[in-house]
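K.L.:
Structure incoming, see below.
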Amino acid sequence: MSDDEERVYSESEAMMVDEDEETALEIAALQQADLLPQPKKTFANRKDALAALVDEISQSGLEWIQRCDITSAAPIVVDSIENDLERELKFYEQGLEAAIQAKRLVQKAGVPFARPDDYFAEMVKTDAHMARIRQKLLSEQKGIENAEEAKKQRELRKYGKKIQQEKLKEREDQKKAVLDKVATIKKRLRSGDMGEADDFEVDIDSDDGDASIKPARGKKTKGGKPTPGSKRQRKNEKFGFGGKKRGMKNNTAESSADMSGFSVRKNKSPSFGGVGRRKPATRPGKSRRQRGH
Amino acid sequence: MATLYKTAQTEFRDVDDVLDERERRSSIKQRVLMVASRGVTFWQRHLMNDLEALMPHSRKEAKVESKQDMGVLNELAEIHNCNNVFYMEARKHQDLYLWISRAPSGPSVKFLIQNIHTMDELKMTGNCLKGSRPILSFDATFDSEPYLQLLKEMLTQTFGVPKGARRSKPFFDHVLTFSVVDGRIWFRNYQIVERDAETGGELTRNAKPTLVEIGPRFVLNPIRIFEGSFGGPTLYENPRYISPNAVRAAIRTQRSAKYASRTAAAAERDARVQANPLPVDPLKDVFD
């Protein structure tokens, strides 16, 4: 033993176990945490005395079956103490190793290992407690099943939506195809291929271009909402319908540079502050003047 | 029992004496006195009840005043014929310390118990016979240091149920594991299931059994090892141990550091202002 250790030993001899010891420990901890000035502190570790004590109290002379202790082959090393899964797995492995080894040793000593199936006795946990555990396991299981079912339903709904969209697209395509057909027919008619125009029931000339797509006012489209009339549509175009209204009437660089609406004549008109064309003097002719008075 | 009476009657002795003598004659006799101090919380008491259920060779005693001289515990152990004392000392209604001592002459160890999970928790699904003997599994780290060797020996003697102990059952259906990780001793209790997990039938040859945790769980942080029972010279002192009081104090100081720095700054400013008074303005009264 080194001198250093001896000193610590004699110091600690005087220190009996009471409240003082607790405060001493606290001070030690505070010093460790750099909260108090740190005097040079040595921690007792009297290895020879400890080893002698182990020999003194050891029961290794007894048969194994009296002690039933097993030491694992390799020490536990964990990367991170915070990693619960890894740590618990290591503990489990240690226990399993011991269980397997112990079974062999117990059977070698001629003692039964597992209890027979018909041996009933009081358990550490009561039946009521085990029932609660089972209940919890079941409810957990059910929760998992429910969650999975809900997930499946969500997936299905997503799939259904997709199908619906495809159907809508198909309809749109169909409509387009029909319109194309109409257009081609019209073209052929114009070029005079079709012969008698009267045979065709639709008055093709009247509905040309986009107008043919626009349904009549108030008529319901397939979507269910009635299409507004042409006046409303114009107004919507002009004043805006939906979307942002703010700043729509503000001038922009382009709009202020736009002179298309400017006319010199209008600008010189009296309503714009111009002189305009003078009205000629309203002096009636001589005969009218003589007649009147 | 009948034979006991017979022996007692023929030799004019008390039945208890005969029983004691029989026990003494058996090759090993470990009895553990289990005591808690006053002020244990229900959680800590539950842990003690769990351990008592796992240790049929223990004798539970009424609560002891923790401020008392701990020599009383040695006397108590003697009265109850116990050679090990398992004393749970609660402090401030929150910290739990565990003393394990070999009663009359030592050595004794003081631990701090942390991370307590009792058997009541529904997460642990295992179960075992009350009073069956455990297999004590130790991590190989226990052989690396003399103090750990001593702890291993003491834990074996306290937690191990001696063969043929009263109230014990002669089967093995659980493992107690003690592992040294991070300088602390981690305690786990597993049931050994020797059934096929899927079919529920007998295990085939060479198939491994499975373990299911029973509980309780806790972590023992060794503080000191004393040569005597509840006192005497210190043989080992854990340099990495930090008392929970110190931890709490550190948290408090950290929290109060903000306030302290603000008040210090205010005081500093006051001092500075007083030290440097404003010079008198010569033009102060010009417009009056």
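Starting from 1 in every chain, residues are counted up; chains themselves are A, B, ... following the order of the structure tokens, and ligands are numbered from 1 as listed.
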Distance cut-off 7 Å, counting only C-alpha atoms - which residues of chain B neighbour chain A? Return them as a ChimeraX atom specification.
P.N.:
/B:53,122,125,127-130,135-141,146-147,149-150,153,156,160,162-163,171-173,175,177,211,231-237,239,242-243,245-246
K.L.:
Could you give me, as an mmCIF file with N, CA, C and O atoms, in the first residue's frame, the residues within 12 Å of Gly274 in chain A, counting only C-alpha atoms and dropping anything in the same chain fewer than 5 positions from it?
P.N.:
data_model
loop_
_atom_site.group_PDB
_atom_site.id
_atom_site.type_symbol
_atom_site.label_atom_id
_atom_site.label_comp_id
_atom_site.auth_asym_id
_atom_site.auth_seq_id
_atom_site.Cartn_x
_atom_site.Cartn_y
_atom_site.Cartn_z
ATOM 1 N N VAL A 264 -56.741 62.988 -79.747
ATOM 2 C CA VAL A 264 -56.490 64.427 -79.643
ATOM 3 C C VAL A 264 -57.819 65.192 -79.629
ATOM 4 O O VAL A 264 -58.012 66.126 -78.854
ATOM 5 N N ARG A 265 -58.719 64.715 -80.472
ATOM 6 C CA ARG A 265 -59.993 65.415 -80.584
ATOM 7 C C ARG A 265 -60.739 65.426 -79.265
ATOM 8 O O ARG A 265 -61.252 66.436 -78.811
ATOM 9 N N LYS A 266 -60.737 64.191 -78.672
ATOM 10 C CA LYS A 266 -61.451 64.070 -77.403
ATOM 11 C C LYS A 266 -60.794 64.944 -76.358
ATOM 12 O O LYS A 266 -61.453 65.563 -75.526
ATOM 13 N N ASN A 267 -59.478 64.979 -76.451
ATOM 14 C CA ASN A 267 -58.740 65.720 -75.451
ATOM 15 C C ASN A 267 -59.054 67.224 -75.554
ATOM 16 O O ASN A 267 -59.019 67.936 -74.560
ATOM 17 N N LYS A 268 -59.349 67.671 -76.804
ATOM 18 C CA LYS A 268 -59.614 69.089 -76.995
ATOM 19 C C LYS A 268 -61.087 69.435 -76.782
ATOM 20 O O LYS A 268 -61.487 70.601 -76.862
ATOM 21 N N SER A 269 -61.883 68.391 -76.554
ATOM 22 C CA SER A 269 -63.308 68.617 -76.381
ATOM 23 C C SER A 269 -63.552 69.396 -75.094
ATOM 24 O O SER A 269 -62.733 69.335 -74.173
#
K.L.:
So how far away is CA of Ile214 in chain B from CA of His174 in chain B, in Å?
P.N.:
8.5 Å
K.L.:
List every residue of range 100-249 of chain B that DSSP, applied to the backbone, labels as helix (DSSP H, G or I), and write the result as an MDAnalysis selection string.
P.N.:
chainID B and resid 140:143 146:159 244:249
K.L.:
Output C-alpha atoms of each residue in that selection to a file, as a compact mmCIF listing (two decimals), in the first residue's frame.
P.N.:
# COMPACT_ATOMS: atom_id res chain seq x y z
CA ALA B 140 -17.61 -10.57 -15.71
CA THR B 141 -16.68 -7.01 -14.74
CA PHE B 142 -17.28 -8.03 -11.11
CA ASP B 143 -13.99 -9.95 -11.13
CA PRO B 146 -11.31 -6.09 -5.46
CA TYR B 147 -14.17 -3.86 -4.38
CA LEU B 148 -16.40 -5.35 -7.06
CA GLN B 149 -15.41 -8.82 -5.95
CA LEU B 150 -16.45 -7.93 -2.44
CA LEU B 151 -19.74 -6.51 -3.69
CA LYS B 152 -20.36 -9.66 -5.69
CA GLU B 153 -19.79 -11.83 -2.67
CA MET B 154 -22.09 -9.72 -0.53
CA LEU B 155 -24.82 -9.59 -3.16
CA THR B 156 -24.60 -13.37 -3.57
CA GLN B 157 -25.06 -13.90 0.12
CA THR B 158 -27.91 -11.44 0.45
CA PHE B 159 -29.93 -12.15 -2.66
CA PRO B 244 -28.40 13.73 -5.28
CA ASN B 245 -28.29 16.79 -3.02
CA ALA B 246 -25.34 18.11 -4.99
CA VAL B 247 -27.15 17.44 -8.25
CA ARG B 248 -30.21 19.31 -7.07
CA ALA B 249 -28.08 22.15 -5.74
K.L.:
Could you pull out the residues in range 51-194 of chain B that DSSP calls strand (DSSP E or B) from the backbone, as a VMD selection string?
P.N.:
chain B and resid 58 to 60 64 84 to 91 95 to 102 108 to 117 129 132 to 138 169 to 181 184 to 193
K.L.:
Quick one, how far is CA of Phe111 in chain B from CA of Gly131 in chain B?
P.N.:
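We find that CA of Phe111 in chain B and CA of Gly131 in chain B lie 25.3 Å from each other.
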K.L.:
Rounded to one decimal in Å, what is the spacing between CA of Phe178 in chain B and CA of Ser229 in chain B?
P.N.:
22.9 Å
K.L.:
Just want the 8 Å neighbourhood of Ile185 in chain B, counted on only C-alpha atoms, with same-chain residues fewer than 4 positions away dropped. Output as a PyMOL selection string.
P.N.:
chain B and resi 178-181+219-222
K.L.:
Which residue gives the smallest distance to Thr118 in chain B among B:Glu213, B:Glu78, B:Glu198, B:Glu145, with only C-alpha atoms counted?
P.N.:
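The closest residue to Thr118 in chain B is B:Glu213.
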